[in-house]
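S.K.: Sharing upload-v4.cif here; it has mmCIF, C-alpha atoms.
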data_run
loop_
_atom_site.group_PDB
_atom_site.id
_atom_site.type_symbol
_atom_site.label_atom_id
_atom_site.label_comp_id
_atom_site.auth_asym_id
_atom_site.auth_seq_id
_atom_site.Cartn_x
_atom_site.Cartn_y
_atom_site.Cartn_z
ATOM 1 C CA MET A 1 84.738 9.170 -63.721
ATOM 2 C CA LEU A 2 86.218 12.648 -63.374
ATOM 3 C CA GLN A 3 89.145 13.375 -65.651
ATOM 4 C CA LYS A 4 92.123 15.700 -66.027
ATOM 5 C CA GLY A 5 90.885 19.283 -66.177
ATOM 6 C CA ASP A 6 87.795 18.671 -64.015
ATOM 7 C CA LYS A 7 87.414 20.565 -60.764
ATOM 8 C CA ALA A 8 87.880 18.239 -57.781
ATOM 9 C CA PRO A 9 84.616 18.210 -55.777
ATOM 10 C CA ASP A 10 85.157 19.311 -52.182
ATOM 11 C CA PHE A 11 84.205 16.873 -49.438
ATOM 12 C CA THR A 12 84.411 16.259 -45.719
ATOM 13 C CA LEU A 13 84.991 12.697 -44.535
ATOM 14 C CA GLN A 14 85.986 11.135 -41.232
ATOM 15 C CA ALA A 15 89.707 10.336 -41.057
ATOM 16 C CA ALA A 16 89.337 8.790 -37.600
ATOM 17 C CA PRO A 17 86.546 8.616 -35.026
ATOM 18 C CA GLY A 18 85.583 12.270 -34.397
ATOM 19 C CA LYS A 19 88.260 13.594 -36.780
ATOM 20 C CA PRO A 20 86.770 15.030 -39.965
ATOM 21 C CA LEU A 21 89.032 16.012 -42.850
ATOM 22 C CA ARG A 22 87.976 18.516 -45.485
ATOM 23 C CA LEU A 23 89.702 18.582 -48.859
ATOM 24 C CA SER A 24 89.576 22.380 -49.154
ATOM 25 C CA ASP A 25 91.349 22.691 -45.779
ATOM 26 C CA LEU A 26 94.509 21.168 -47.246
ATOM 27 C CA HIS A 27 95.939 24.479 -48.400
ATOM 28 C CA GLY A 28 99.112 24.621 -50.439
ATOM 29 C CA GLN A 29 99.365 20.896 -50.983
ATOM 30 C CA ASN A 30 98.857 18.545 -53.864
ATOM 31 C CA VAL A 31 96.550 15.680 -52.982
ATOM 32 C CA ILE A 32 96.506 12.062 -54.114
ATOM 33 C CA LEU A 33 93.165 10.291 -53.700
ATOM 34 C CA ALA A 34 93.373 6.507 -53.762
ATOM 35 C CA PHE A 35 89.898 4.999 -53.865
ATOM 36 C CA TYR A 36 89.882 1.262 -53.167
ATOM 37 C CA PRO A 37 87.254 -1.433 -52.592
ATOM 38 C CA ALA A 38 87.912 -2.756 -49.106
ATOM 39 C CA ASP A 39 90.228 -2.827 -46.107
ATOM 40 C CA TRP A 40 91.865 -6.239 -45.531
ATOM 41 C CA SER A 41 91.369 -7.603 -49.058
ATOM 42 C CA PRO A 42 94.633 -8.897 -50.577
ATOM 43 C CA VAL A 43 95.091 -6.486 -53.469
ATOM 44 C CA CYS A 44 94.105 -3.442 -51.414
ATOM 45 C CA SER A 45 96.477 -4.471 -48.669
ATOM 46 C CA ASP A 46 99.394 -4.726 -51.109
ATOM 47 C CA GLN A 47 98.504 -1.425 -52.696
ATOM 48 C CA MET A 48 98.257 0.407 -49.369
ATOM 49 C CA ALA A 49 101.477 -1.233 -48.136
ATOM 50 C CA LEU A 50 103.264 0.043 -51.231
ATOM 51 C CA TYR A 51 101.933 3.595 -50.823
ATOM 52 C CA ASN A 52 102.896 3.479 -47.170
ATOM 53 C CA GLU A 53 106.519 3.025 -48.264
ATOM 54 C CA MET A 54 106.180 5.874 -50.708
ATOM 55 C CA LEU A 55 105.107 8.686 -48.407
ATOM 56 C CA ARG A 56 108.562 10.261 -48.433
ATOM 57 C CA PHE A 57 108.509 10.334 -52.241
ATOM 58 C CA PHE A 58 105.080 11.958 -52.216
ATOM 59 C CA GLU A 59 106.324 14.518 -49.694
ATOM 60 C CA LYS A 60 109.073 15.510 -52.090
ATOM 61 C CA TYR A 61 106.311 16.636 -54.425
ATOM 62 C CA ASN A 62 104.438 18.353 -51.593
ATOM 63 C CA ALA A 63 101.660 15.815 -51.932
ATOM 64 C CA MET A 64 99.405 14.266 -49.305
ATOM 65 C CA LEU A 65 98.012 10.790 -49.870
ATOM 66 C CA LEU A 66 94.466 9.945 -48.773
ATOM 67 C CA GLY A 67 92.974 6.466 -49.031
ATOM 68 C CA ILE A 68 89.191 6.278 -49.423
ATOM 69 C CA SER A 69 86.827 3.333 -49.147
ATOM 70 C CA VAL A 70 83.302 2.721 -47.869
ATOM 71 C CA ASP A 71 84.632 0.980 -44.740
ATOM 72 C CA GLY A 72 83.751 2.545 -41.382
ATOM 73 C CA VAL A 73 86.179 4.551 -39.247
ATOM 74 C CA TRP A 74 86.747 1.749 -36.740
ATOM 75 C CA CYS A 75 87.498 -0.698 -39.497
ATOM 76 C CA HIS A 76 89.983 1.770 -41.021
ATOM 77 C CA GLN A 77 91.567 2.295 -37.636
ATOM 78 C CA ALA A 78 92.096 -1.430 -37.062
ATOM 79 C CA PHE A 79 93.421 -1.931 -40.599
ATOM 80 C CA ALA A 80 95.811 1.026 -40.389
ATOM 81 C CA LYS A 81 97.104 -0.145 -37.025
ATOM 82 C CA ASP A 82 97.576 -3.728 -38.175
ATOM 83 C CA ARG A 83 99.476 -2.655 -41.315
ATOM 84 C CA ASN A 84 101.378 0.191 -39.682
ATOM 85 C CA LEU A 85 99.980 2.730 -42.161
ATOM 86 C CA HIS A 86 101.094 6.345 -41.750
ATOM 87 C CA PHE A 87 98.511 8.130 -43.861
ATOM 88 C CA ASN A 88 94.811 8.864 -43.499
ATOM 89 C CA LEU A 89 92.147 6.412 -44.585
ATOM 90 C CA LEU A 90 88.848 8.223 -45.114
ATOM 91 C CA SER A 91 85.435 6.632 -44.577
ATOM 92 C CA ASP A 92 82.985 7.161 -47.414
ATOM 93 C CA PHE A 93 80.480 5.421 -45.179
ATOM 94 C CA GLU A 94 77.418 7.625 -44.640
ATOM 95 C CA PRO A 95 75.685 8.255 -46.931
ATOM 96 C CA LYS A 96 77.452 5.242 -48.372
ATOM 97 C CA GLY A 97 79.759 6.002 -51.281
ATOM 98 C CA ALA A 98 78.628 9.632 -51.645
ATOM 99 C CA VAL A 99 82.112 10.977 -52.409
ATOM 100 C CA SER A 100 83.002 7.999 -54.591
ATOM 101 C CA ARG A 101 79.852 8.768 -56.624
ATOM 102 C CA GLN A 102 80.866 12.433 -56.959
ATOM 103 C CA TYR A 103 84.152 11.299 -58.467
ATOM 104 C CA GLY A 104 82.369 8.748 -60.637
ATOM 105 C CA VAL A 105 84.027 5.670 -59.161
ATOM 106 C CA TYR A 106 81.241 3.954 -57.217
ATOM 107 C CA MET A 107 79.961 0.606 -58.441
ATOM 108 C CA ASP A 108 78.445 -2.552 -56.950
ATOM 109 C CA GLY A 109 78.439 -1.181 -53.434
ATOM 110 C CA VAL A 110 82.123 -0.270 -53.255
ATOM 111 C CA SER A 111 84.584 2.343 -54.444
ATOM 112 C CA GLN A 112 86.400 1.203 -57.543
ATOM 113 C CA ARG A 113 90.188 1.059 -57.600
ATOM 114 C CA ALA A 114 90.827 4.579 -58.846
ATOM 115 C CA LEU A 115 93.530 7.218 -58.472
ATOM 116 C CA PHE A 116 93.305 11.000 -58.712
ATOM 117 C CA VAL A 117 96.127 13.530 -58.499
ATOM 118 C CA ILE A 118 94.814 16.980 -57.588
ATOM 119 C CA ASP A 119 96.862 20.173 -57.712
ATOM 120 C CA GLN A 120 96.810 23.105 -55.303
ATOM 121 C CA GLN A 121 94.100 24.871 -57.312
ATOM 122 C CA ARG A 122 91.972 21.757 -56.761
ATOM 123 C CA MET A 123 92.062 20.796 -60.407
ATOM 124 C CA ILE A 124 92.355 17.131 -61.284
ATOM 125 C CA GLN A 125 95.649 16.695 -63.133
ATOM 126 C CA TRP A 126 95.521 12.949 -63.622
ATOM 127 C CA SER A 127 93.108 10.122 -62.983
ATOM 128 C CA TYR A 128 93.259 6.397 -63.526
ATOM 129 C CA LEU A 129 90.775 3.565 -63.148
ATOM 130 C CA SER A 130 92.522 0.267 -62.469
ATOM 131 C CA PRO A 131 90.995 -3.159 -63.082
ATOM 132 C CA ILE A 132 89.614 -3.991 -59.645
ATOM 133 C CA ASP A 133 91.865 -7.032 -59.176
ATOM 134 C CA GLN A 134 95.052 -5.216 -60.173
ATOM 135 C CA ASN A 135 97.335 -3.169 -57.994
ATOM 136 C CA PRO A 136 98.054 -0.066 -60.118
ATOM 137 C CA GLY A 137 101.390 0.658 -58.452
ATOM 138 C CA ALA A 138 102.582 4.235 -58.162
ATOM 139 C CA ASP A 139 104.460 5.074 -61.360
ATOM 140 C CA GLY A 140 101.465 6.982 -62.762
ATOM 141 C CA ILE A 141 101.134 9.007 -59.567
ATOM 142 C CA LEU A 142 104.812 9.993 -59.629
ATOM 143 C CA GLN A 143 104.652 11.003 -63.284
ATOM 144 C CA ALA A 144 101.585 13.164 -62.618
ATOM 145 C CA LEU A 145 103.222 14.832 -59.615
ATOM 146 C CA GLU A 146 106.351 15.437 -61.662
ATOM 147 C CA SER A 147 104.428 17.185 -64.429
ATOM 148 C CA ILE A 148 102.598 19.370 -61.879
ATOM 149 C CA THR A 149 105.896 20.389 -60.322
ATOM 150 C CA MET A 150 107.418 21.131 -63.714
ATOM 151 C CA THR A 151 104.591 23.402 -64.850
ATOM 152 C CA ALA A 152 104.134 25.128 -61.461
ATOM 153 C CA MET B 1 109.540 -0.584 -68.841
ATOM 154 C CA LEU B 2 112.573 -1.026 -66.665
ATOM 155 C CA THR B 3 113.791 2.430 -65.610
ATOM 156 C CA PRO B 4 116.717 2.847 -65.584
ATOM 157 C CA PRO B 5 117.968 -0.106 -67.651
ATOM 158 C CA ILE B 6 120.716 -2.314 -66.209
ATOM 159 C CA THR B 7 123.720 -0.176 -65.288
ATOM 160 C CA SER B 8 127.203 -0.755 -63.934
ATOM 161 C CA ARG B 9 125.823 -0.094 -60.427
ATOM 162 C CA ASP B 10 123.724 -3.235 -60.594
ATOM 163 C CA HIS B 11 124.666 -6.603 -59.146
ATOM 164 C CA VAL B 12 124.883 -9.147 -61.948
ATOM 165 C CA THR B 13 125.073 -12.932 -61.778
ATOM 166 C CA GLY B 14 124.470 -15.794 -64.202
ATOM 167 C CA ASN B 15 126.017 -15.097 -67.591
ATOM 168 C CA PRO B 16 127.018 -11.403 -67.858
ATOM 169 C CA GLN B 17 126.952 -11.784 -71.645
ATOM 170 C CA GLY B 18 123.636 -13.662 -71.588
ATOM 171 C CA THR B 19 121.046 -12.774 -74.187
ATOM 172 C CA VAL B 20 118.125 -12.916 -71.758
ATOM 173 C CA GLU B 21 118.216 -10.175 -69.129
ATOM 174 C CA ILE B 22 116.149 -10.791 -66.019
ATOM 175 C CA VAL B 23 115.854 -8.194 -63.265
ATOM 176 C CA GLU B 24 114.188 -9.014 -59.977
ATOM 177 C CA TYR B 25 112.911 -6.422 -57.502
ATOM 178 C CA GLY B 26 112.869 -8.225 -54.175
ATOM 179 C CA ASP B 27 112.601 -7.956 -50.411
ATOM 180 C CA PHE B 28 114.653 -10.362 -48.269
ATOM 181 C CA GLN B 29 111.846 -10.787 -45.751
ATOM 182 C CA CYS B 30 109.048 -11.320 -48.268
ATOM 183 C CA PRO B 31 108.030 -15.003 -48.239
ATOM 184 C CA TYR B 32 107.110 -14.988 -51.938
ATOM 185 C CA CYS B 33 110.583 -13.676 -52.725
ATOM 186 C CA GLY B 34 111.943 -16.537 -50.642
ATOM 187 C CA GLU B 35 110.026 -18.954 -52.812
ATOM 188 C CA ALA B 36 111.117 -17.165 -55.985
ATOM 189 C CA PHE B 37 114.735 -17.452 -54.835
ATOM 190 C CA GLY B 38 114.545 -21.219 -55.355
ATOM 191 C CA VAL B 39 112.962 -20.745 -58.768
ATOM 192 C CA VAL B 40 115.696 -18.348 -59.850
ATOM 193 C CA ARG B 41 118.444 -20.626 -58.550
ATOM 194 C CA ASP B 42 117.068 -23.520 -60.598
ATOM 195 C CA LEU B 43 116.704 -21.221 -63.569
ATOM 196 C CA LEU B 44 120.335 -20.091 -63.444
ATOM 197 C CA ARG B 45 121.494 -23.694 -63.060
ATOM 198 C CA SER B 46 119.559 -24.965 -66.039
ATOM 199 C CA ALA B 47 120.023 -22.119 -68.509
ATOM 200 C CA ASP B 48 123.346 -20.563 -69.481
ATOM 201 C CA ASN B 49 122.080 -17.553 -71.421
ATOM 202 C CA ILE B 50 120.641 -15.548 -68.513
ATOM 203 C CA LYS B 51 122.063 -12.335 -67.158
ATOM 204 C CA PHE B 52 120.392 -11.918 -63.762
ATOM 205 C CA VAL B 53 120.184 -8.697 -61.739
ATOM 206 C CA PHE B 54 118.744 -8.157 -58.262
ATOM 207 C CA ARG B 55 117.443 -4.762 -57.137
ATOM 208 C CA HIS B 56 116.142 -3.960 -53.675
ATOM 209 C CA PHE B 57 112.489 -3.298 -53.002
ATOM 210 C CA PRO B 58 112.203 -3.510 -49.197
ATOM 211 C CA LEU B 59 108.725 -2.978 -47.752
ATOM 212 C CA ALA B 60 110.238 -1.696 -44.547
ATOM 213 C CA GLU B 61 106.957 -0.769 -42.854
ATOM 214 C CA SER B 62 105.611 -4.286 -43.343
ATOM 215 C CA HIS B 63 108.857 -6.194 -42.852
ATOM 216 C CA GLU B 64 110.947 -5.266 -39.854
ATOM 217 C CA TYR B 65 114.264 -6.638 -41.166
ATOM 218 C CA ALA B 66 113.847 -5.927 -44.873
ATOM 219 C CA MET B 67 115.860 -2.698 -44.911
ATOM 220 C CA ASP B 68 118.724 -3.990 -42.754
ATOM 221 C CA ALA B 69 118.878 -7.153 -44.820
ATOM 222 C CA ALA B 70 119.170 -5.115 -48.016
ATOM 223 C CA ILE B 71 121.976 -3.077 -46.460
ATOM 224 C CA ALA B 72 123.700 -6.251 -45.273
ATOM 225 C CA ALA B 73 123.731 -7.516 -48.858
ATOM 226 C CA GLU B 74 125.179 -4.202 -50.054
ATOM 227 C CA ALA B 75 127.746 -4.201 -47.241
ATOM 228 C CA ALA B 76 128.804 -7.703 -48.263
ATOM 229 C CA GLY B 77 128.916 -6.383 -51.826
ATOM 230 C CA ARG B 78 131.659 -3.992 -50.775
ATOM 231 C CA GLN B 79 133.697 -7.128 -50.098
ATOM 232 C CA GLN B 80 132.629 -8.727 -53.387
ATOM 233 C CA GLN B 81 130.206 -11.078 -51.612
ATOM 234 C CA PHE B 82 126.840 -9.588 -52.590
ATOM 235 C CA TRP B 83 125.502 -12.782 -54.105
ATOM 236 C CA HIS B 84 126.695 -15.000 -51.289
ATOM 237 C CA MET B 85 124.944 -12.744 -48.791
ATOM 238 C CA HIS B 86 121.865 -12.561 -51.017
ATOM 239 C CA ASP B 87 121.671 -16.359 -51.073
ATOM 240 C CA ALA B 88 122.403 -16.707 -47.362
ATOM 241 C CA LEU B 89 119.677 -14.194 -46.444
ATOM 242 C CA TYR B 90 117.072 -16.063 -48.435
ATOM 243 C CA LEU B 91 118.220 -19.437 -47.091
ATOM 244 C CA HIS B 92 117.912 -18.068 -43.535
ATOM 245 C CA GLN B 93 114.820 -15.967 -44.173
ATOM 246 C CA ARG B 94 112.871 -17.566 -41.344
ATOM 247 C CA GLN B 95 115.645 -16.842 -38.850
ATOM 248 C CA LEU B 96 115.921 -13.137 -39.685
ATOM 249 C CA ASN B 97 116.815 -11.130 -36.593
ATOM 250 C CA ASP B 98 119.218 -8.374 -35.579
ATOM 251 C CA ASN B 99 122.084 -10.793 -34.931
ATOM 252 C CA LEU B 100 121.776 -12.799 -38.111
ATOM 253 C CA PHE B 101 123.626 -10.304 -40.313
ATOM 254 C CA MET B 102 126.850 -10.554 -38.322
ATOM 255 C CA GLU B 103 126.541 -14.332 -38.122
ATOM 256 C CA LEU B 104 126.230 -14.575 -41.882
ATOM 257 C CA ALA B 105 129.088 -12.134 -42.360
ATOM 258 C CA ARG B 106 131.218 -14.377 -40.158
ATOM 259 C CA GLU B 107 130.213 -17.481 -42.112
ATOM 260 C CA LEU B 108 131.145 -15.710 -45.340
ATOM 261 C CA LYS B 109 134.511 -14.835 -43.757
ATOM 262 C CA LEU B 110 134.014 -11.117 -44.319
ATOM 263 C CA ASP B 111 136.145 -8.495 -42.631
ATOM 264 C CA LEU B 112 133.761 -7.984 -39.712
ATOM 265 C CA ASP B 113 134.968 -4.524 -38.684
ATOM 266 C CA GLN B 114 134.488 -3.244 -42.181
ATOM 267 C CA PHE B 115 131.122 -4.988 -42.470
ATOM 268 C CA GLU B 116 129.947 -3.366 -39.264
ATOM 269 C CA ASP B 117 131.065 0.066 -40.468
ATOM 270 C CA ASP B 118 129.417 -0.432 -43.836
ATOM 271 C CA MET B 119 126.139 -1.461 -42.186
ATOM 272 C CA GLN B 120 126.034 2.094 -40.778
ATOM 273 C CA ASP B 121 126.948 3.808 -44.031
ATOM 274 C CA ASN B 122 124.192 6.091 -45.294
ATOM 275 C CA ARG B 123 125.425 5.754 -48.838
ATOM 276 C CA LEU B 124 124.259 2.153 -48.784
ATOM 277 C CA VAL B 125 120.850 3.301 -47.531
ATOM 278 C CA SER B 126 120.751 5.721 -50.458
ATOM 279 C CA LYS B 127 121.633 2.954 -52.880
ATOM 280 C CA VAL B 128 118.806 0.768 -51.577
ATOM 281 C CA GLU B 129 116.395 3.689 -51.763
ATOM 282 C CA ALA B 130 117.477 4.437 -55.315
ATOM 283 C CA ASP B 131 116.676 0.840 -56.226
ATOM 284 C CA PHE B 132 113.265 1.213 -54.595
ATOM 285 C CA GLU B 133 112.525 4.421 -56.485
ATOM 286 C CA SER B 134 113.588 2.888 -59.784
ATOM 287 C CA GLY B 135 111.220 0.019 -59.015
ATOM 288 C CA VAL B 136 108.289 2.337 -58.434
ATOM 289 C CA ARG B 137 109.065 4.159 -61.670
ATOM 290 C CA SER B 138 109.305 0.889 -63.525
ATOM 291 C CA GLY B 139 105.828 -0.105 -62.327
ATOM 292 C CA VAL B 140 106.718 -2.496 -59.504
ATOM 293 C CA ASN B 141 103.601 -2.877 -57.354
ATOM 294 C CA GLY B 142 104.734 -5.634 -55.009
ATOM 295 C CA THR B 143 107.431 -8.236 -54.534
ATOM 296 C CA PRO B 144 108.827 -10.088 -56.240
ATOM 297 C CA THR B 145 108.448 -8.347 -59.608
ATOM 298 C CA PHE B 146 110.506 -9.556 -62.554
ATOM 299 C CA PHE B 147 111.486 -7.792 -65.765
ATOM 300 C CA ILE B 148 112.522 -9.837 -68.774
ATOM 301 C CA ASN B 149 114.554 -7.880 -71.320
ATOM 302 C CA GLY B 150 113.278 -4.641 -69.820
ATOM 303 C CA LYS B 151 109.592 -5.534 -69.881
ATOM 304 C CA ARG B 152 107.583 -6.327 -66.767
ATOM 305 C CA TYR B 153 106.676 -9.992 -66.502
ATOM 306 C CA ASN B 154 103.103 -10.230 -65.232
ATOM 307 C CA GLY B 155 102.805 -14.003 -65.041
ATOM 308 C CA ASP B 156 103.493 -16.422 -62.214
ATOM 309 C CA TYR B 157 107.186 -16.492 -61.282
ATOM 310 C CA ARG B 158 107.025 -20.274 -60.944
ATOM 311 C CA ASN B 159 106.712 -20.362 -64.732
ATOM 312 C CA LEU B 160 109.800 -18.240 -65.387
ATOM 313 C CA LEU B 161 111.800 -21.196 -66.644
ATOM 314 C CA SER B 162 109.305 -22.158 -69.341
ATOM 315 C CA VAL B 163 108.902 -18.498 -70.351
ATOM 316 C CA VAL B 164 112.642 -18.072 -70.793
ATOM 317 C CA ARG B 165 112.967 -21.301 -72.771
ATOM 318 C CA HIS B 166 110.363 -20.312 -75.342
#
Give the structure from this file in structure tokens form.

M.R.:
Amino acid sequence: MLQKGDKAPDFTLQAAPGKPLRLSDLHGQNVILAFYPADWSPVCSDQMALYNEMLRFFEKYNAMLLGISVDGVWCHQAFAKDRNLHFNLLSDFEPKGAVSRQYGVYMDGVSQRALFVIDQQRMIQWSYLSPIDQNPGADGILQALESITMTA
Amino acid sequence: MLTPPITSRDHVTGNPQGTVEIVEYGDFQCPYCGEAFGVVRDLLRSADNIKFVFRHFPLAESHEYAMDAAIAAEAAGRQQQFWHMHDALYLHQRQLNDNLFMELARELKLDLDQFEDDMQDNRLVSKVEADFESGVRSGVNGTPTFFINGKRYNGDYRNLLSVVRH
């Protein structure tokens, strides 16, 4: 798993059918990557619902949240619509788990429950691997964003 | 750890001098919080050493009435009826709708004009949001989450009574 101080590998993934999103296109923004095992599963749903409430806090730190799992774009779309999510869910679908592998968080056919906070120079400033059945919350993300803002 | 610790801005019930401090982060529309409400009520009836605090953690994107319900409790709090409104909201959780807040305010014999004004007061929104932010910083990842003497309780809330007794 990539750690603080590692360069964040660039990637392009589908954010919606026909809508690719490239990490290096997100100029001038901090980025939070939230890898998670599966749409619809109980823990993931709680975790994404929590982050959905937190977008305005992330914005304060000029940070964009991206969810990533190996689910397909149509699955993401249905999940996001059902849960009223207002951030992008990226599909690490083909080749399966390629980006999750680059970040060192792919195991047993799914992305692990892992968080990365990436600064504007595309350096990883914080990463965390959560036990797969535990919702990691957001306190670690906020602390990481705070320390980026303080040193910037 | 609970951040910030209990302050004078918090709503306290039970025994204000109690040696066991329990803080709940809750959402009035969350069904698990509704269940936990009964557990907490029993807990406060059977133990006299508990100082109990409620902080708001509305998941407003998931629960349509969660934010308004939190503000209704705060608005009632301006008339010293926070806990009565808190209880009434949980007891009527399944009937939550836009008209319920005024109905409950009427039942609690609140000054309705003031209640209506306070429901629109952005300072109450800010207070609820401050609770939410403190919850995130304290490590709340869903509702309800309890803190016992400042430390997050990770067990099943149905066992709170036995935890507090030991």

S.K.: For a quick test of understanding: name the residues of chain A lying within 10 Å of chain B when counting all atoms listed in the file, and present them as a ChimeraX atom specification.

M.R.: /A:43,46-47,49-54,57,82-86,134-143

S.K.: What would the file look like if the residues just selected were written as a compact mmCIF listing (two decimals), keeping the file's coordinate frame with C-alpha atoms?

M.R.:
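Printed below is result.txt as written:
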# COMPACT_ATOMS: atom_id res chain seq x y z
CA VAL A 43 95.09 -6.49 -53.47
CA ASP A 46 99.39 -4.73 -51.11
CA GLN A 47 98.50 -1.42 -52.70
CA ALA A 49 101.48 -1.23 -48.14
CA LEU A 50 103.26 0.04 -51.23
CA TYR A 51 101.93 3.60 -50.82
CA ASN A 52 102.90 3.48 -47.17
CA GLU A 53 106.52 3.02 -48.26
CA MET A 54 106.18 5.87 -50.71
CA PHE A 57 108.51 10.33 -52.24
CA ASP A 82 97.58 -3.73 -38.17
CA ARG A 83 99.48 -2.66 -41.32
CA ASN A 84 101.38 0.19 -39.68
CA LEU A 85 99.98 2.73 -42.16
CA HIS A 86 101.09 6.34 -41.75
CA GLN A 134 95.05 -5.22 -60.17
CA ASN A 135 97.34 -3.17 -57.99
CA PRO A 136 98.05 -0.07 -60.12
CA GLY A 137 101.39 0.66 -58.45
CA ALA A 138 102.58 4.24 -58.16
CA ASP A 139 104.46 5.07 -61.36
CA GLY A 140 101.46 6.98 -62.76
CA ILE A 141 101.13 9.01 -59.57
CA LEU A 142 104.81 9.99 -59.63
CA GLN A 143 104.65 11.00 -63.28

S.K.: If you count all atoms listed in the file, which residues fall within 7 Å of stretch 121-133 of chain A, apart from same-chain ones fewer than 3 positions away, as a ChimeraX atom specification?

M.R.: /A:3-8,43,112-118,136,144

S.K.: Draw an axis-aligned box tight on the listed atoms of stretch 58-61 of chain A, then pad every side by 6 Å and write out centre and edge lengths in Å to one decimal as JSON.

M.R.:
{"center_x": 107.1, "center_y": 14.3, "center_z": -52.1, "size_x": 16.0, "size_y": 16.7, "size_z": 16.7}

S.K.: Between A:Ala16, A:Ile148, A:Met64, A:Cys44, which is the closest to A:Gln29 once you count only C-alpha atoms?

M.R.: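 For A:Gln29, the nearest of the given residues is A:Met64.
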
S.K.: Residue by residue, what does the PyMOL selection byres ((chain A and resi 11) around 7) grab here? Present the result as a PyMOL selection string.

M.R.: chain A and resi 9-10+12-13+22-23+99

S.K.: Please produce stretch 70-81 of chain A, completed to N, CA, C and O atoms, as a PDB file, in the coordinates of the input.

M.R.:
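Output below, filename selection-v8.pdb:
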ATOM      1  N   VAL A  70      84.585   2.611 -48.579  1.00  0.00           N
ATOM      2  CA  VAL A  70      83.302   2.721 -47.869  1.00  0.00           C
ATOM      3  C   VAL A  70      83.362   2.057 -46.486  1.00  0.00           C
ATOM      4  O   VAL A  70      82.359   2.004 -45.788  1.00  0.00           O
ATOM      5  N   ASP A  71      84.515   1.569 -46.078  1.00  0.00           N
ATOM      6  CA  ASP A  71      84.632   0.980 -44.740  1.00  0.00           C
ATOM      7  C   ASP A  71      84.438   2.047 -43.662  1.00  0.00           C
ATOM      8  O   ASP A  71      84.739   3.220 -43.872  1.00  0.00           O
ATOM      9  N   GLY A  72      83.975   1.620 -42.503  1.00  0.00           N
ATOM     10  CA  GLY A  72      83.751   2.545 -41.382  1.00  0.00           C
ATOM     11  C   GLY A  72      85.043   2.965 -40.710  1.00  0.00           C
ATOM     12  O   GLY A  72      86.096   2.364 -40.923  1.00  0.00           O
ATOM     13  N   VAL A  73      84.967   4.004 -39.891  1.00  0.00           N
ATOM     14  CA  VAL A  73      86.179   4.551 -39.247  1.00  0.00           C
ATOM     15  C   VAL A  73      86.879   3.533 -38.353  1.00  0.00           C
ATOM     16  O   VAL A  73      88.111   3.485 -38.293  1.00  0.00           O
ATOM     17  N   TRP A  74      86.105   2.701 -37.665  1.00  0.00           N
ATOM     18  CA  TRP A  74      86.747   1.749 -36.740  1.00  0.00           C
ATOM     19  C   TRP A  74      87.448   0.650 -37.506  1.00  0.00           C
ATOM     20  O   TRP A  74      88.502   0.150 -37.095  1.00  0.00           O
ATOM     21  N   CYS A  75      86.863   0.290 -38.627  1.00  0.00           N
ATOM     22  CA  CYS A  75      87.498  -0.698 -39.497  1.00  0.00           C
ATOM     23  C   CYS A  75      88.817  -0.137 -40.037  1.00  0.00           C
ATOM     24  O   CYS A  75      89.863  -0.789 -39.989  1.00  0.00           O
ATOM     25  N   HIS A  76      88.767   1.112 -40.527  1.00  0.00           N
ATOM     26  CA  HIS A  76      89.983   1.770 -41.021  1.00  0.00           C
ATOM     27  C   HIS A  76      91.056   1.810 -39.937  1.00  0.00           C
ATOM     28  O   HIS A  76      92.231   1.569 -40.191  1.00  0.00           O
ATOM     29  N   GLN A  77      90.604   2.147 -38.721  1.00  0.00           N
ATOM     30  CA  GLN A  77      91.567   2.295 -37.636  1.00  0.00           C
ATOM     31  C   GLN A  77      92.283   0.967 -37.355  1.00  0.00           C
ATOM     32  O   GLN A  77      93.499   0.925 -37.194  1.00  0.00           O
ATOM     33  N   ALA A  78      91.504  -0.114 -37.325  1.00  0.00           N
ATOM     34  CA  ALA A  78      92.096  -1.430 -37.062  1.00  0.00           C
ATOM     35  C   ALA A  78      93.032  -1.845 -38.196  1.00  0.00           C
ATOM     36  O   ALA A  78      94.123  -2.380 -37.964  1.00  0.00           O
ATOM     37  N   PHE A  79      92.617  -1.569 -39.420  1.00  0.00           N
ATOM     38  CA  PHE A  79      93.421  -1.931 -40.599  1.00  0.00           C
ATOM     39  C   PHE A  79      94.733  -1.145 -40.606  1.00  0.00           C
ATOM     40  O   PHE A  79      95.822  -1.709 -40.790  1.00  0.00           O
ATOM     41  N   ALA A  80      94.617   0.170 -40.370  1.00  0.00           N
ATOM     42  CA  ALA A  80      95.811   1.026 -40.389  1.00  0.00           C
ATOM     43  C   ALA A  80      96.792   0.616 -39.292  1.00  0.00           C
ATOM     44  O   ALA A  80      98.005   0.599 -39.488  1.00  0.00           O
ATOM     45  N   LYS A  81      96.246   0.256 -38.132  1.00  0.00           N
ATOM     46  CA  LYS A  81      97.104  -0.145 -37.025  1.00  0.00           C
ATOM     47  C   LYS A  81      97.794  -1.471 -37.342  1.00  0.00           C
ATOM     48  O   LYS A  81      99.001  -1.627 -37.150  1.00  0.00           O
TER      49      LYS A  81
END
